[in-house]
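Enquirer: My structure is in query_16.tsv, and what it holds is TSV, C-alpha atoms:
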```tsv
chain	number	residue	atom	x	y	z
C	845	MET	CA	-44.54	35.91	-31.75
C	846	THR	CA	-44.52	32.51	-33.43
C	847	ALA	CA	-47.82	31.48	-34.97
C	848	VAL	CA	-48.80	27.85	-34.47
C	849	LEU	CA	-49.52	27.10	-38.14
C	850	ASP	CA	-46.57	28.88	-39.71
C	851	ASP	CA	-45.22	25.64	-41.22
C	852	LEU	CA	-48.36	24.95	-43.28
C	853	LEU	CA	-49.17	25.71	-46.91
C	854	VAL	CA	-52.84	26.12	-47.90
C	855	LEU	CA	-54.19	26.21	-51.44
C	856	ASP	CA	-57.60	27.87	-51.45
C	857	PHE	CA	-59.73	27.35	-54.57
C	858	SER	CA	-62.87	28.73	-52.90
C	859	THR	CA	-64.73	32.00	-53.44
C	860	LEU	CA	-67.18	34.30	-51.69
C	861	LEU	CA	-67.55	33.46	-47.98
C	862	PRO	CA	-67.36	29.90	-46.55
C	863	GLY	CA	-63.94	28.76	-47.79
C	864	PRO	CA	-62.26	32.18	-47.69
C	865	MET	CA	-63.27	32.69	-44.07
C	866	ALA	CA	-61.97	29.24	-43.15
C	867	SER	CA	-58.64	29.99	-44.82
C	868	LEU	CA	-58.57	33.42	-43.15
C	869	PHE	CA	-58.52	31.66	-39.78
C	870	LEU	CA	-55.62	29.52	-40.97
C	871	ALA	CA	-53.76	32.56	-42.28
C	872	GLU	CA	-54.31	34.40	-39.00
C	873	ALA	CA	-52.70	31.46	-37.20
C	874	GLY	CA	-49.67	31.70	-39.45
C	875	ALA	CA	-50.38	29.41	-42.40
C	876	ARG	CA	-49.36	30.52	-45.85
C	877	VAL	CA	-52.56	30.74	-47.89
C	878	ILE	CA	-52.46	30.97	-51.68
C	879	LYS	CA	-55.74	31.72	-53.42
C	880	VAL	CA	-56.20	30.15	-56.83
C	881	GLU	CA	-58.51	32.44	-58.83
C	882	ARG	CA	-59.83	32.59	-62.36
C	883	PRO	CA	-58.10	35.10	-64.65
C	884	GLY	CA	-59.90	38.30	-65.52
C	885	GLY	CA	-62.32	38.47	-62.62
C	886	GLY	CA	-60.99	36.39	-59.77
C	887	ASP	CA	-63.07	35.73	-56.68
C	888	ASP	CA	-66.62	37.05	-57.26
C	889	LEU	CA	-66.43	38.93	-53.97
C	890	ARG	CA	-63.83	41.26	-55.48
C	891	HIS	CA	-66.68	42.89	-57.44
C	892	TYR	CA	-69.36	43.27	-54.75
C	893	ALA	CA	-70.21	46.79	-53.57
C	894	PRO	CA	-69.10	48.73	-51.74
C	895	ARG	CA	-65.73	49.01	-53.39
C	896	TRP	CA	-62.70	49.83	-51.28
C	897	GLY	CA	-59.85	50.73	-53.53
C	898	GLY	CA	-59.71	48.31	-56.45
C	899	ASP	CA	-61.71	45.49	-54.82
C	900	GLY	CA	-64.84	44.97	-52.81
C	901	ALA	CA	-64.53	45.90	-49.14
C	902	ALA	CA	-65.84	42.48	-48.05
C	903	PHE	CA	-63.18	40.74	-50.16
C	904	SER	CA	-60.49	42.76	-48.43
C	905	LEU	CA	-61.78	41.80	-44.98
C	906	LEU	CA	-61.87	38.08	-45.78
C	907	ASN	CA	-58.62	37.76	-47.72
C	908	ARG	CA	-56.04	39.77	-45.85
C	909	GLY	CA	-52.65	38.17	-45.52
C	910	LYS	CA	-53.12	35.78	-48.45
C	911	GLU	CA	-51.48	35.47	-51.84
C	912	SER	CA	-53.19	35.19	-55.23
C	913	ILE	CA	-52.56	33.13	-58.34
C	914	ALA	CA	-54.71	33.76	-61.43
C	915	LEU	CA	-55.01	30.56	-63.42
C	916	ASP	CA	-57.52	29.05	-65.84
C	917	LEU	CA	-58.08	25.60	-64.35
C	918	LYS	CA	-59.65	24.38	-67.61
C	919	ASP	CA	-56.44	25.07	-69.52
C	920	PRO	CA	-54.36	21.88	-69.92
C	921	SER	CA	-51.30	23.82	-68.79
C	922	ALA	CA	-52.84	24.44	-65.35
C	923	THR	CA	-51.99	20.98	-64.04
C	924	PRO	CA	-48.22	21.15	-64.62
C	925	ALA	CA	-48.16	24.79	-63.54
C	926	LEU	CA	-49.72	23.97	-60.17
C	927	ALA	CA	-47.94	20.64	-59.74
C	928	PRO	CA	-45.15	21.84	-57.39
C	929	LEU	CA	-47.58	23.63	-55.08
C	930	LEU	CA	-50.02	20.72	-55.09
C	931	ALA	CA	-47.21	18.34	-54.15
C	932	GLU	CA	-46.16	20.54	-51.23
C	933	ALA	CA	-49.55	21.68	-49.92
C	934	ASP	CA	-50.71	20.62	-46.49
C	935	ILE	CA	-54.31	21.73	-46.98
C	936	LEU	CA	-56.56	22.29	-49.98
C	937	ILE	CA	-59.96	24.00	-49.69
C	938	GLU	CA	-62.51	24.03	-52.51
C	939	GLN	CA	-66.24	24.65	-52.85
C	940	PHE	CA	-67.14	23.69	-56.40
C	941	ARG	CA	-70.08	21.37	-56.98
C	942	PRO	CA	-69.21	17.70	-56.50
C	943	GLY	CA	-67.21	16.28	-59.39
C	944	VAL	CA	-65.87	19.57	-60.75
C	945	MET	CA	-62.40	19.26	-59.23
C	946	ASP	CA	-62.20	15.66	-60.47
C	947	ARG	CA	-62.99	16.75	-64.02
C	948	LEU	CA	-60.37	19.47	-63.81
C	949	GLY	CA	-57.76	16.95	-62.68
C	950	PHE	CA	-57.46	18.28	-59.12
C	951	GLY	CA	-59.71	15.84	-57.27
C	952	TYR	CA	-58.66	14.15	-54.05
C	953	GLU	CA	-57.87	10.76	-55.55
C	954	ALA	CA	-55.59	12.34	-58.14
C	955	LEU	CA	-53.80	14.54	-55.59
C	956	ARG	CA	-53.27	11.87	-52.95
C	957	LYS	CA	-51.12	9.95	-55.44
C	958	VAL	CA	-48.55	12.75	-55.42
C	959	ASN	CA	-49.30	14.13	-51.96
C	960	PRO	CA	-50.71	11.36	-49.72
C	961	ASP	CA	-50.73	13.46	-46.55
C	962	ILE	CA	-52.79	16.34	-47.97
C	963	VAL	CA	-55.88	17.44	-46.00
C	964	TYR	CA	-58.46	18.02	-48.72
C	965	CYS	CA	-61.59	19.93	-47.64
C	966	SER	CA	-64.65	20.35	-49.86
C	967	ILE	CA	-67.43	22.74	-48.81
C	968	THR	CA	-70.81	22.46	-50.54
C	969	GLY	CA	-74.44	23.01	-49.73
C	970	TYR	CA	-75.50	19.36	-49.56
C	971	GLY	CA	-72.30	17.33	-49.50
C	972	GLN	CA	-70.42	15.16	-51.96
C	973	SER	CA	-73.11	12.47	-52.15
C	974	GLY	CA	-76.86	12.03	-51.83
C	975	PRO	CA	-79.88	12.90	-53.99
C	976	ARG	CA	-79.41	16.66	-53.68
C	977	CYS	CA	-75.65	16.96	-53.89
C	978	GLN	CA	-75.74	18.73	-57.28
C	979	GLU	CA	-78.41	21.30	-56.33
C	980	ALA	CA	-77.56	24.99	-56.22
C	981	GLY	CA	-78.27	26.92	-53.06
C	982	HIS	CA	-77.37	29.85	-50.87
C	983	ASP	CA	-77.45	30.56	-47.16
C	984	LEU	CA	-81.20	31.20	-46.92
C	985	ASN	CA	-81.96	27.94	-48.76
C	986	TYR	CA	-79.85	25.90	-46.35
C	987	LEU	CA	-81.52	27.52	-43.34
C	988	ALA	CA	-84.90	26.64	-44.85
C	989	ASP	CA	-83.90	23.04	-45.60
C	990	ALA	CA	-82.54	22.38	-42.10
C	991	GLY	CA	-85.70	23.59	-40.34
C	992	LEU	CA	-83.83	26.39	-38.58
C	993	LEU	CA	-85.54	29.23	-40.41
C	994	ALA	CA	-88.99	27.93	-39.47
C	995	LEU	CA	-88.25	28.34	-35.76
C	996	SER	CA	-88.10	32.14	-35.91
C	997	ARG	CA	-89.19	33.49	-39.27
C	998	GLY	CA	-91.36	36.34	-37.98
C	999	PRO	CA	-95.05	36.84	-38.84
C	1000	LEU	CA	-96.23	35.57	-42.22
C	1001	THR	CA	-97.27	39.11	-43.10
C	1002	GLN	CA	-93.67	40.27	-42.69
C	1003	PRO	CA	-91.25	37.32	-42.55
C	1004	THR	CA	-87.77	38.14	-41.32
C	1005	VAL	CA	-84.55	37.32	-43.15
C	1006	PRO	CA	-81.81	36.40	-40.62
C	1007	PRO	CA	-79.26	39.18	-40.03
C	1008	ALA	CA	-76.24	36.92	-40.56
C	1009	LEU	CA	-75.09	34.34	-43.11
C	1010	ILE	CA	-75.45	31.55	-40.58
C	1011	ALA	CA	-75.16	28.61	-42.96
C	1012	ASP	CA	-72.10	29.98	-44.74
C	1013	ILE	CA	-70.18	30.76	-41.55
C	1014	ALA	CA	-71.55	28.49	-38.83
C	1015	GLY	CA	-72.41	25.68	-41.26
C	1016	GLY	CA	-69.44	26.07	-43.62
C	1017	SER	CA	-66.41	28.03	-42.38
C	1018	TYR	CA	-66.40	26.83	-38.79
C	1019	PRO	CA	-66.99	23.11	-39.46
C	1020	ALA	CA	-64.34	23.24	-42.17
C	1021	LEU	CA	-61.84	24.78	-39.78
C	1022	VAL	CA	-62.61	22.32	-36.98
C	1023	ASN	CA	-62.36	19.29	-39.26
C	1024	ILE	CA	-59.16	20.53	-40.90
C	1025	LEU	CA	-57.51	20.94	-37.50
C	1026	LEU	CA	-58.73	17.50	-36.39
C	1027	ALA	CA	-57.33	16.00	-39.59
C	1028	LEU	CA	-53.99	17.70	-38.99
C	1029	ARG	CA	-53.92	16.31	-35.47
C	1030	ARG	CA	-54.53	12.81	-36.82
C	1031	ARG	CA	-51.87	13.37	-39.47
C	1032	ASP	CA	-49.40	14.23	-36.73
C	1033	ARG	CA	-50.08	10.81	-35.22
C	1034	THR	CA	-50.42	8.63	-38.32
C	1035	GLY	CA	-48.97	10.56	-41.25
C	1036	ALA	CA	-52.20	10.06	-43.17
C	1037	GLY	CA	-54.04	12.79	-45.04
C	1038	ALA	CA	-57.81	13.19	-45.12
C	1039	ARG	CA	-60.77	13.84	-47.37
C	1040	ILE	CA	-63.21	16.19	-45.61
C	1041	ASP	CA	-66.80	16.62	-46.81
C	1042	ILE	CA	-68.55	19.69	-45.34
C	1043	ALA	CA	-72.27	20.06	-46.15
C	1044	MET	CA	-73.54	23.44	-44.99
C	1045	ALA	CA	-77.21	22.45	-44.77
C	1046	GLU	CA	-76.61	19.47	-42.51
C	1047	SER	CA	-74.09	21.37	-40.38
C	1048	LEU	CA	-76.99	23.52	-39.17
C	1049	PHE	CA	-78.75	20.78	-37.22
C	1050	PRO	CA	-76.74	21.35	-34.02
C	1051	PHE	CA	-78.36	24.80	-33.87
C	1052	THR	CA	-81.78	23.19	-33.55
C	1053	PHE	CA	-80.84	21.12	-30.49
C	1054	TRP	CA	-83.48	22.76	-28.26
C	1055	ALA	CA	-86.25	22.17	-30.77
C	1056	GLN	CA	-85.05	18.63	-31.51
C	1057	ALA	CA	-85.10	17.76	-27.83
C	1058	ALA	CA	-88.62	19.12	-27.40
C	1059	GLY	CA	-90.04	17.51	-30.52
C	1060	GLN	CA	-88.52	14.09	-30.03
C	1061	ALA	CA	-89.24	13.90	-26.32
C	1062	THR	CA	-92.86	15.09	-26.43
C	1063	GLY	CA	-94.03	14.89	-30.03
C	1064	ASP	CA	-94.83	18.61	-29.81
C	1065	TRP	CA	-92.61	20.14	-32.47
C	1066	PRO	CA	-91.89	23.87	-32.07
C	1067	GLU	CA	-93.41	26.37	-34.46
C	1068	SER	CA	-92.17	29.86	-35.28
C	1069	GLY	CA	-91.69	31.95	-32.16
C	1070	ASP	CA	-93.68	29.70	-29.84
C	1071	ARG	CA	-90.94	28.57	-27.42
C	1072	LEU	CA	-88.84	30.01	-24.65
C	1073	LEU	CA	-85.78	30.87	-26.76
C	1074	THR	CA	-87.69	32.16	-29.78
C	1075	GLY	CA	-89.71	34.86	-28.04
C	1076	SER	CA	-92.87	33.16	-26.79
C	1077	GLY	CA	-92.53	34.32	-23.19
C	1078	CYS	CA	-91.73	37.53	-21.40
C	1079	ARG	CA	-88.27	36.56	-20.10
C	1080	TYR	CA	-86.52	36.21	-23.47
C	1081	ARG	CA	-87.81	38.85	-25.79
C	1082	LEU	CA	-87.31	42.16	-27.56
C	1083	TYR	CA	-89.28	45.11	-26.16
C	1084	ARG	CA	-89.84	48.47	-27.80
C	1085	THR	CA	-88.86	51.59	-25.87
C	1086	ALA	CA	-90.50	55.01	-25.96
C	1087	ASP	CA	-87.92	56.31	-28.47
C	1088	ASP	CA	-88.33	53.30	-30.78
C	1089	ALA	CA	-85.21	51.50	-29.67
C	1090	LEU	CA	-85.28	47.84	-28.64
C	1091	LEU	CA	-84.49	46.33	-25.28
C	1092	ALA	CA	-83.11	42.78	-25.43
C	1093	VAL	CA	-84.31	40.98	-22.30
C	1094	ALA	CA	-82.76	37.58	-21.58
C	1095	ALA	CA	-83.66	37.23	-17.90
C	1096	LEU	CA	-84.19	33.46	-18.08
C	1097	GLU	CA	-83.13	32.32	-14.61
C	1098	ASP	CA	-85.44	33.38	-11.80
C	1099	LYS	CA	-82.77	35.45	-10.04
C	1100	PHE	CA	-82.35	37.54	-13.18
C	1101	TRP	CA	-86.09	37.73	-13.82
C	1102	GLN	CA	-86.81	38.95	-10.30
C	1103	ALA	CA	-84.01	41.52	-10.55
C	1104	PHE	CA	-85.42	42.72	-13.87
C	1105	ALA	CA	-88.96	42.87	-12.50
C	1106	ALA	CA	-87.79	44.92	-9.54
C	1107	ALA	CA	-85.75	47.27	-11.73
C	1108	ILE	CA	-88.74	48.13	-13.91
C	1109	ASP	CA	-91.14	48.27	-10.94
C	1110	LEU	CA	-93.33	45.46	-12.21
C	1111	GLU	CA	-96.25	44.92	-9.88
C	1112	PRO	CA	-95.60	42.01	-7.45
C	1113	ALA	CA	-98.77	40.22	-8.55
C	1114	LEU	CA	-97.38	39.91	-12.10
C	1115	ARG	CA	-93.88	38.75	-11.22
C	1116	ASP	CA	-94.96	35.12	-11.24
C	1117	ASP	CA	-95.07	34.94	-15.03
C	1118	ALA	CA	-96.45	31.40	-14.98
C	1119	ARG	CA	-99.71	32.53	-13.38
C	1120	ASP	CA	-100.92	34.73	-16.24
C	1121	PRO	CA	-98.19	34.89	-18.92
C	1122	ALA	CA	-100.16	37.13	-21.29
C	1123	ALA	CA	-100.90	39.69	-18.58
C	1124	THR	CA	-97.27	39.81	-17.44
C	1125	LEU	CA	-96.03	40.15	-21.01
C	1126	ALA	CA	-98.45	42.97	-21.80
C	1127	ARG	CA	-97.53	44.86	-18.65
C	1128	VAL	CA	-93.77	44.53	-19.19
C	1129	ALA	CA	-94.20	45.78	-22.75
C	1130	ALA	CA	-96.19	48.76	-21.50
C	1131	ILE	CA	-93.64	49.65	-18.83
C	1132	VAL	CA	-90.64	49.36	-21.15
C	1133	GLY	CA	-92.53	51.38	-23.77
C	1134	GLY	CA	-93.02	54.18	-21.27
C	1135	ALA	CA	-89.37	55.27	-21.10
C	1136	ASP	CA	-86.53	55.78	-23.53
C	1137	ALA	CA	-83.51	53.58	-24.16
C	1138	ASP	CA	-81.11	55.69	-22.09
C	1139	HIS	CA	-83.37	55.35	-19.07
C	1140	TRP	CA	-83.43	51.56	-19.35
C	1141	GLN	CA	-79.71	51.35	-20.10
C	1142	ARG	CA	-78.88	53.13	-16.85
C	1143	ARG	CA	-81.42	51.38	-14.68
C	1144	LEU	CA	-80.85	47.86	-15.94
C	1145	ALA	CA	-77.06	48.11	-15.95
C	1146	ALA	CA	-77.22	48.55	-12.19
C	1147	ALA	CA	-79.56	45.56	-11.88
C	1148	ASP	CA	-77.16	43.24	-13.80
C	1149	CYS	CA	-80.02	41.08	-15.07
C	1150	CYS	CA	-79.03	40.09	-18.62
C	1151	CYS	CA	-80.72	43.02	-20.36
C	1152	ARG	CA	-79.20	45.26	-23.01
C	1153	VAL	CA	-80.36	47.99	-25.34
C	1154	VAL	CA	-79.93	46.84	-28.94
C	1155	ARG	CA	-77.16	48.87	-30.50
C	1156	SER	CA	-76.12	49.42	-34.07
C	1157	LEU	CA	-73.03	47.77	-35.52
C	1158	ALA	CA	-71.35	51.17	-35.75
C	1159	GLU	CA	-71.97	51.66	-32.02
C	1160	ALA	CA	-70.69	48.17	-31.22
C	1161	LEU	CA	-67.42	48.92	-33.03
C	1162	GLU	CA	-66.86	51.83	-30.65
C	1163	ASP	CA	-67.67	49.88	-27.47
C	1164	PRO	CA	-64.93	50.60	-24.90
C	1165	HIS	CA	-65.01	47.02	-23.63
C	1166	PHE	CA	-64.29	45.51	-27.05
C	1167	ARG	CA	-61.75	48.19	-27.85
C	1168	GLY	CA	-60.09	47.77	-24.48
C	1169	ARG	CA	-59.54	44.06	-25.22
C	1170	GLY	CA	-57.80	44.94	-28.47
C	1171	LEU	CA	-60.50	43.41	-30.66
C	1172	PHE	CA	-60.18	46.11	-33.31
C	1173	ASP	CA	-56.44	46.69	-33.19
C	1174	GLY	CA	-55.82	44.86	-36.48
C	1175	VAL	CA	-55.73	47.03	-39.60
C	1176	ILE	CA	-55.89	46.26	-43.31
C	1177	VAL	CA	-54.68	48.59	-46.02
C	1178	ASN	CA	-55.50	48.78	-49.71
C	1179	GLY	CA	-53.44	49.73	-52.72
C	1180	GLU	CA	-54.28	53.40	-52.23
C	1181	GLY	CA	-53.03	53.42	-48.65
C	1182	ALA	CA	-56.48	53.66	-47.04
C	1183	GLU	CA	-56.98	51.76	-43.80
C	1184	MET	CA	-59.85	49.73	-42.37
C	1185	VAL	CA	-60.26	47.79	-39.13
C	1186	ALA	CA	-59.53	44.12	-39.84
C	1187	LEU	CA	-62.25	41.55	-39.30
C	1188	PRO	CA	-61.72	40.31	-35.72
C	1189	LEU	CA	-61.51	36.54	-35.40
C	1190	PRO	CA	-62.11	34.48	-32.23
C	1191	LEU	CA	-58.52	33.27	-31.99
C	1192	ASP	CA	-56.32	33.68	-28.94
C	1193	PRO	CA	-53.54	36.15	-29.83
C	1194	SER	CA	-50.95	33.85	-28.25
C	1195	LEU	CA	-51.61	31.31	-31.02
C	1196	CYS	CA	-51.34	33.77	-33.89
C	1197	GLY	CA	-48.83	36.05	-35.49
C	1198	ARG	CA	-51.01	39.01	-36.38
C	1199	LYS	CA	-49.30	41.82	-38.22
C	1200	ALA	CA	-50.00	45.40	-37.24
C	1201	LYS	CA	-51.16	46.05	-40.80
C	1202	ASP	CA	-52.05	43.63	-43.56
C	1203	ARG	CA	-53.59	43.68	-47.03
C	1204	ALA	CA	-55.59	41.50	-49.40
C	1205	PRO	CA	-53.75	40.36	-52.54
C	1206	ALA	CA	-54.23	41.84	-55.97
C	1207	LEU	CA	-55.50	39.32	-58.49
C	1208	GLY	CA	-52.59	37.24	-59.81
C	1209	ALA	CA	-50.03	39.14	-57.76
C	1210	ASP	CA	-48.17	35.91	-56.98
C	1211	ASN	CA	-48.22	34.15	-60.35
C	1212	ASP	CA	-44.45	33.84	-60.14
C	1213	LEU	CA	-45.10	30.90	-57.80
C	1214	LEU	CA	-46.50	28.83	-60.66
C	1215	ALA	CA	-44.23	25.93	-61.56
C	1216	ALA	CA	-41.83	27.16	-58.92
C	1217	GLY	CA	-43.46	25.85	-55.76
C	1218	ASP	CA	-43.02	27.57	-52.43
C	1219	PRO	CA	-39.41	28.81	-52.10
C	1220	ALA	CA	-39.87	29.87	-48.48
C	1221	ARG	CA	-41.16	26.41	-47.60
C	1222	LYS	CA	-38.23	24.75	-49.35
C	1223	GLU	CA	-35.83	27.02	-47.51
C	1224	ARG	CA	-37.37	26.06	-44.14
C	1225	ALA	CA	-37.12	22.36	-45.05
C	1226	GLU	CA	-33.43	22.69	-45.95
C	1227	THR	CA	-32.59	24.46	-42.71
```
Could you write out this structure as structure tokens?

Expert:
Amino acid sequence: MTAVLDDLLVLDFSTLLPGPMASLFLAEAGARVIKVERPGGGDDLRHYAPRWGGDGAAFSLLNRGKESIALDLKDPSATPALAPLLAEADILIEQFRPGVMDRLGFGYEALRKVNPDIVYCSITGYGQSGPRCQEAGHDLNYLADAGLLALSRGPLTQPTVPPALIADIAGGSYPALVNILLALRRRDRTGAGARIDIAMAESLFPFTFWAQAAGQATGDWPESGDRLLTGSGCRYRLYRTADDALLAVAALEDKFWQAFAAAIDLEPALRDDARDPAATLARVAAIVGGADADHWQRRLAAADCCCRVVRSLAEALEDPHFRGRGLFDGVIVNGEGAEMVALPLPLDPSLCGRKAKDRAPALGADNDLLAAGDPARKERAET
């Protein structure tokens, strides 16, 4: 199967999560991705527990199918060593603070002189300009700055940290990927490269669309947990079962709500949840708390009313639906021959060239590419 991006070369100077996940998408679609890492330690994620073989397990998931060059970018010899690859690259991804790549001699303005059609993507917390562009931050900080965390932070006595790195992935990796592909599409038409500025904090504002609409239309800005989609009502909420599991109820539309109410035998007088919302909520909680998760799983599956028992990640990985669709067919291997299910990506298989088994690169495993460029790319060009 031919992958749609198999004619592209990507140089990835990023570490940890946002950039590496973006370049993983590109690699999955066939692009050749070369990581440029610092000697000695490489990408910080190589050293995060748990270890899997010689590197961190998370590093292996995010960097399968890539190559690695270990190079000290501060060394004056780095520029000529990387020159052939920089001249040939289609895409460059970096996530240093603004100005760092310029000081190292690898900024956009310098590279466009030798490679005018390069798509150059920078991922930072606050962007390449503005009063806060040099500030340090991590995922939780960006969620706090964008107002997203305040919409569902849990009670002040026990505030809840989100279960996913939303800013890194949804505010960094995904916008980077979308903008890179848009830039490539424009390049196909015009031949021009692009300078892409991804700011993770500001990329989160689309996730607050519901709250923005409410606040701007009425002047009544949502607080934590006080609206329909953040758990204020009985139709969209987590309920505790008798065996201390959780039931995720998302019966928003009336047809689903009525089906749910009937399935749990909610008294008819309480099914109009607008009449006495507190009474309906209390009664639903009491009913759900009177039986175990298996009981509700069986009963509500038959009702088909947008309700599910919350499962663990380990259980989700064994779900016959996901497995039946081939979601976990990809495998990565490490240097010791151990295998792990590859991180599934939301890409249509017909657009990719997934290998049955793949691996993450050892640090500096491809240093022979330095000052030599990309022989495979040159061979394709000649043929």

Enquirer: Near segment 1118-1121 of chain C, within 9 Å and counting only C-alpha atoms, which residues show up once chain neighbours fewer than 5 positions away are dropped, as a list of chain:residue names?

Expert: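 Within the cut-off, the hits are C:Gly1077, C:Cys1078, C:Ala1126.
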
Enquirer: Would you mind exporting the chosen residues as a PDB file, in the coordinates of the input, restricted to C-alpha atoms?

Expert:
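As a result, result-v5.pdb now contains:
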```pdb
ATOM      1  CA  GLY C1077     -92.530  34.320 -23.190  1.00  0.00           C
ATOM      2  CA  CYS C1078     -91.730  37.530 -21.400  1.00  0.00           C
ATOM      3  CA  ALA C1126     -98.450  42.970 -21.800  1.00  0.00           C
TER       4      ALA C1126
END
```

Enquirer: Do you know which residues are at most 10 Å from segment 871-881 of chain C counting only C-alpha atoms, after dropping those on the same chain fewer than 4 positions away, and could you put them as a PyMOL selection string?

Expert: chain C and resi 846-859+864-867+885-888+907-917+926+929+933-938+1189+1191-1199+1205+1207-1208+1210-1211+1213+1218+1220-1221

Enquirer: Please, which residues are within 7 Å of (-80.0, 24.3, -50.0) by the file's coordinates, counting only C-alpha atoms, and could they come as a JSON list (two decimals) with C-alpha atoms, keeping the file's coordinate frame?

Expert:
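The result, written out as selection_30.json:
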```json
[["chain", "number", "residue", "atom", "x", "y", "z"],
["C", 969, "GLY", "CA", -74.44, 23.01, -49.73],
["C", 970, "TYR", "CA", -75.50, 19.36, -49.56],
["C", 980, "ALA", "CA", -77.56, 24.99, -56.22],
["C", 981, "GLY", "CA", -78.27, 26.92, -53.06],
["C", 982, "HIS", "CA", -77.37, 29.85, -50.87],
["C", 985, "ASN", "CA", -81.96, 27.94, -48.76],
["C", 986, "TYR", "CA", -79.85, 25.90, -46.35],
["C", 989, "ASP", "CA", -83.90, 23.04, -45.60],
["C", 1045, "ALA", "CA", -77.21, 22.45, -44.77]]
```

Enquirer: Name the closest residue to Asp961 of chain C among the candidates C:Arg1084, C:Arg1033, C:Arg1142, C:His891; distances are taken between atoms, counting all atoms listed in the file.

Expert: C:Arg1033

Enquirer: Box in all listed atoms of segment 1209-1215 of chain C, axis-aligned, with 3 Å more on each side; write out centre and edge lengths in Å to one decimal as lines of an AutoDock Vina configuration file.

Expert:
```
center_x = -47.1
center_y = 32.5
center_z = -59.3
size_x = 11.8
size_y = 19.2
size_z = 10.6
```

Enquirer: Could you work out how far atom CA of Leu868 of chain C lies from atom CA of Ile962 of chain C, giving the answer in Å with one decimal?

Expert: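 The value is 18.7 Å.
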
Enquirer: Tell me, in Å to one decimal, how far atom CA of Val1128 of chain C is from atom CA of Trp1101 of chain C.

Expert: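 If I compute the distance from atom CA of Val1128 of chain C to atom CA of Trp1101 of chain C, I get 11.6 Å.
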
Enquirer: Gly1133 of chain C: which residues within 12 Å, counting only C-alpha atoms, same-chain residues fewer than 3 positions away excluded, as a PyMOL selection string?

Expert: chain C and resi 1082-1091+1108+1126-1130+1136-1137+1139-1140

Enquirer: C:Arg1167, C:Arg1031, C:Lys1099, C:Arg997: which is nearest Ser1068 of chain C, counting all atoms listed in the file?

Expert: C:Arg997

Enquirer: Show me, as a list of chain:residue names, the residues that have an atom within 10 Å of Glu1067 of chain C when counting all atoms listed in the file, minus same-chain residues fewer than 3 positions from it.

Expert: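 That gives C:Ala994, C:Leu995, C:Ser996, C:Arg997, C:Ala1055, C:Asp1064, C:Asp1070, C:Arg1071, C:Thr1074.
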
Enquirer: Looking at C:Phe950, C:Tyr892, C:Tyr964, C:Tyr1080, which one is nearest to Ala922 of chain C, with distances taken over all atoms listed in the file?

Expert: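 The shortest atom-to-atom distance to Ala922 of chain C comes from C:Phe950.
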
Enquirer: For atom CA of Ile1131 of chain C and atom CA of Leu1110 of chain C, quote the distance in Å rounded to one decimal.

Expert: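 Spanning atom CA of Ile1131 of chain C to atom CA of Leu1110 of chain C is a straight-line distance of 7.8 Å.
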
Enquirer: Have a look at C:Leu1187, C:Ala927, C:Val1022, C:Ala902 and name the one nearest to Leu1171 of chain C; count all atoms listed in the file.

Expert: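 Result for the nearest residue to Leu1171 of chain C: C:Leu1187.
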
Enquirer: Is there a way to get, as an MDAnalysis selection string, all residues within 6 Å of the point (-58.0, 43.4, -44.5) in file coordinates, counting all atoms listed in the file?

Expert: chainID C and resid 904:905 908 1176 1186 1203:1204

Enquirer: So, counting all atoms listed in the file, which residue among C:Gly898, C:Pro1007, C:Gly1181, C:Pro862 is closest to Leu1157 of chain C?

Expert: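 Selected residue with least distance to Leu1157 of chain C: C:Pro1007.
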
Enquirer: Just checking: using all atoms listed in the file, which residue out of C:Pro1164, C:Gly991, C:Pro975, C:Pro1190 ends up closest to Phe1053 of chain C?

Expert: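 Selected residue with least distance to Phe1053 of chain C: C:Gly991.
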
Enquirer: Saving segment 991-1010 of chain C with C-alpha atoms, as a JSON list (two decimals), in the first residue's frame, what would that file be?

Expert:
```json
[["chain", "number", "residue", "atom", "x", "y", "z"],
["C", 991, "GLY", "CA", -10.25, 29.37, 30.84],
["C", 992, "LEU", "CA", -10.90, 25.73, 29.99],
["C", 993, "LEU", "CA", -9.83, 24.33, 33.34],
["C", 994, "ALA", "CA", -12.20, 26.64, 35.22],
["C", 995, "LEU", "CA", -15.22, 25.11, 33.50],
["C", 996, "SER", "CA", -14.83, 21.71, 35.17],
["C", 997, "ARG", "CA", -12.18, 21.74, 37.88],
["C", 998, "GLY", "CA", -14.11, 19.78, 40.50],
["C", 999, "PRO", "CA", -14.87, 21.02, 44.04],
["C", 1000, "LEU", "CA", -12.38, 23.42, 45.61],
["C", 1001, "THR", "CA", -11.83, 20.90, 48.40],
["C", 1002, "GLN", "CA", -10.63, 18.34, 45.86],
["C", 1003, "PRO", "CA", -9.89, 19.95, 42.48],
["C", 1004, "THR", "CA", -9.48, 17.55, 39.59],
["C", 1005, "VAL", "CA", -6.50, 17.42, 37.24],
["C", 1006, "PRO", "CA", -7.69, 16.54, 33.69],
["C", 1007, "PRO", "CA", -7.00, 12.92, 32.69],
["C", 1008, "ALA", "CA", -5.36, 13.84, 29.37],
["C", 1009, "LEU", "CA", -2.70, 16.27, 28.16],
["C", 1010, "ILE", "CA", -5.29, 18.29, 26.26]]
```
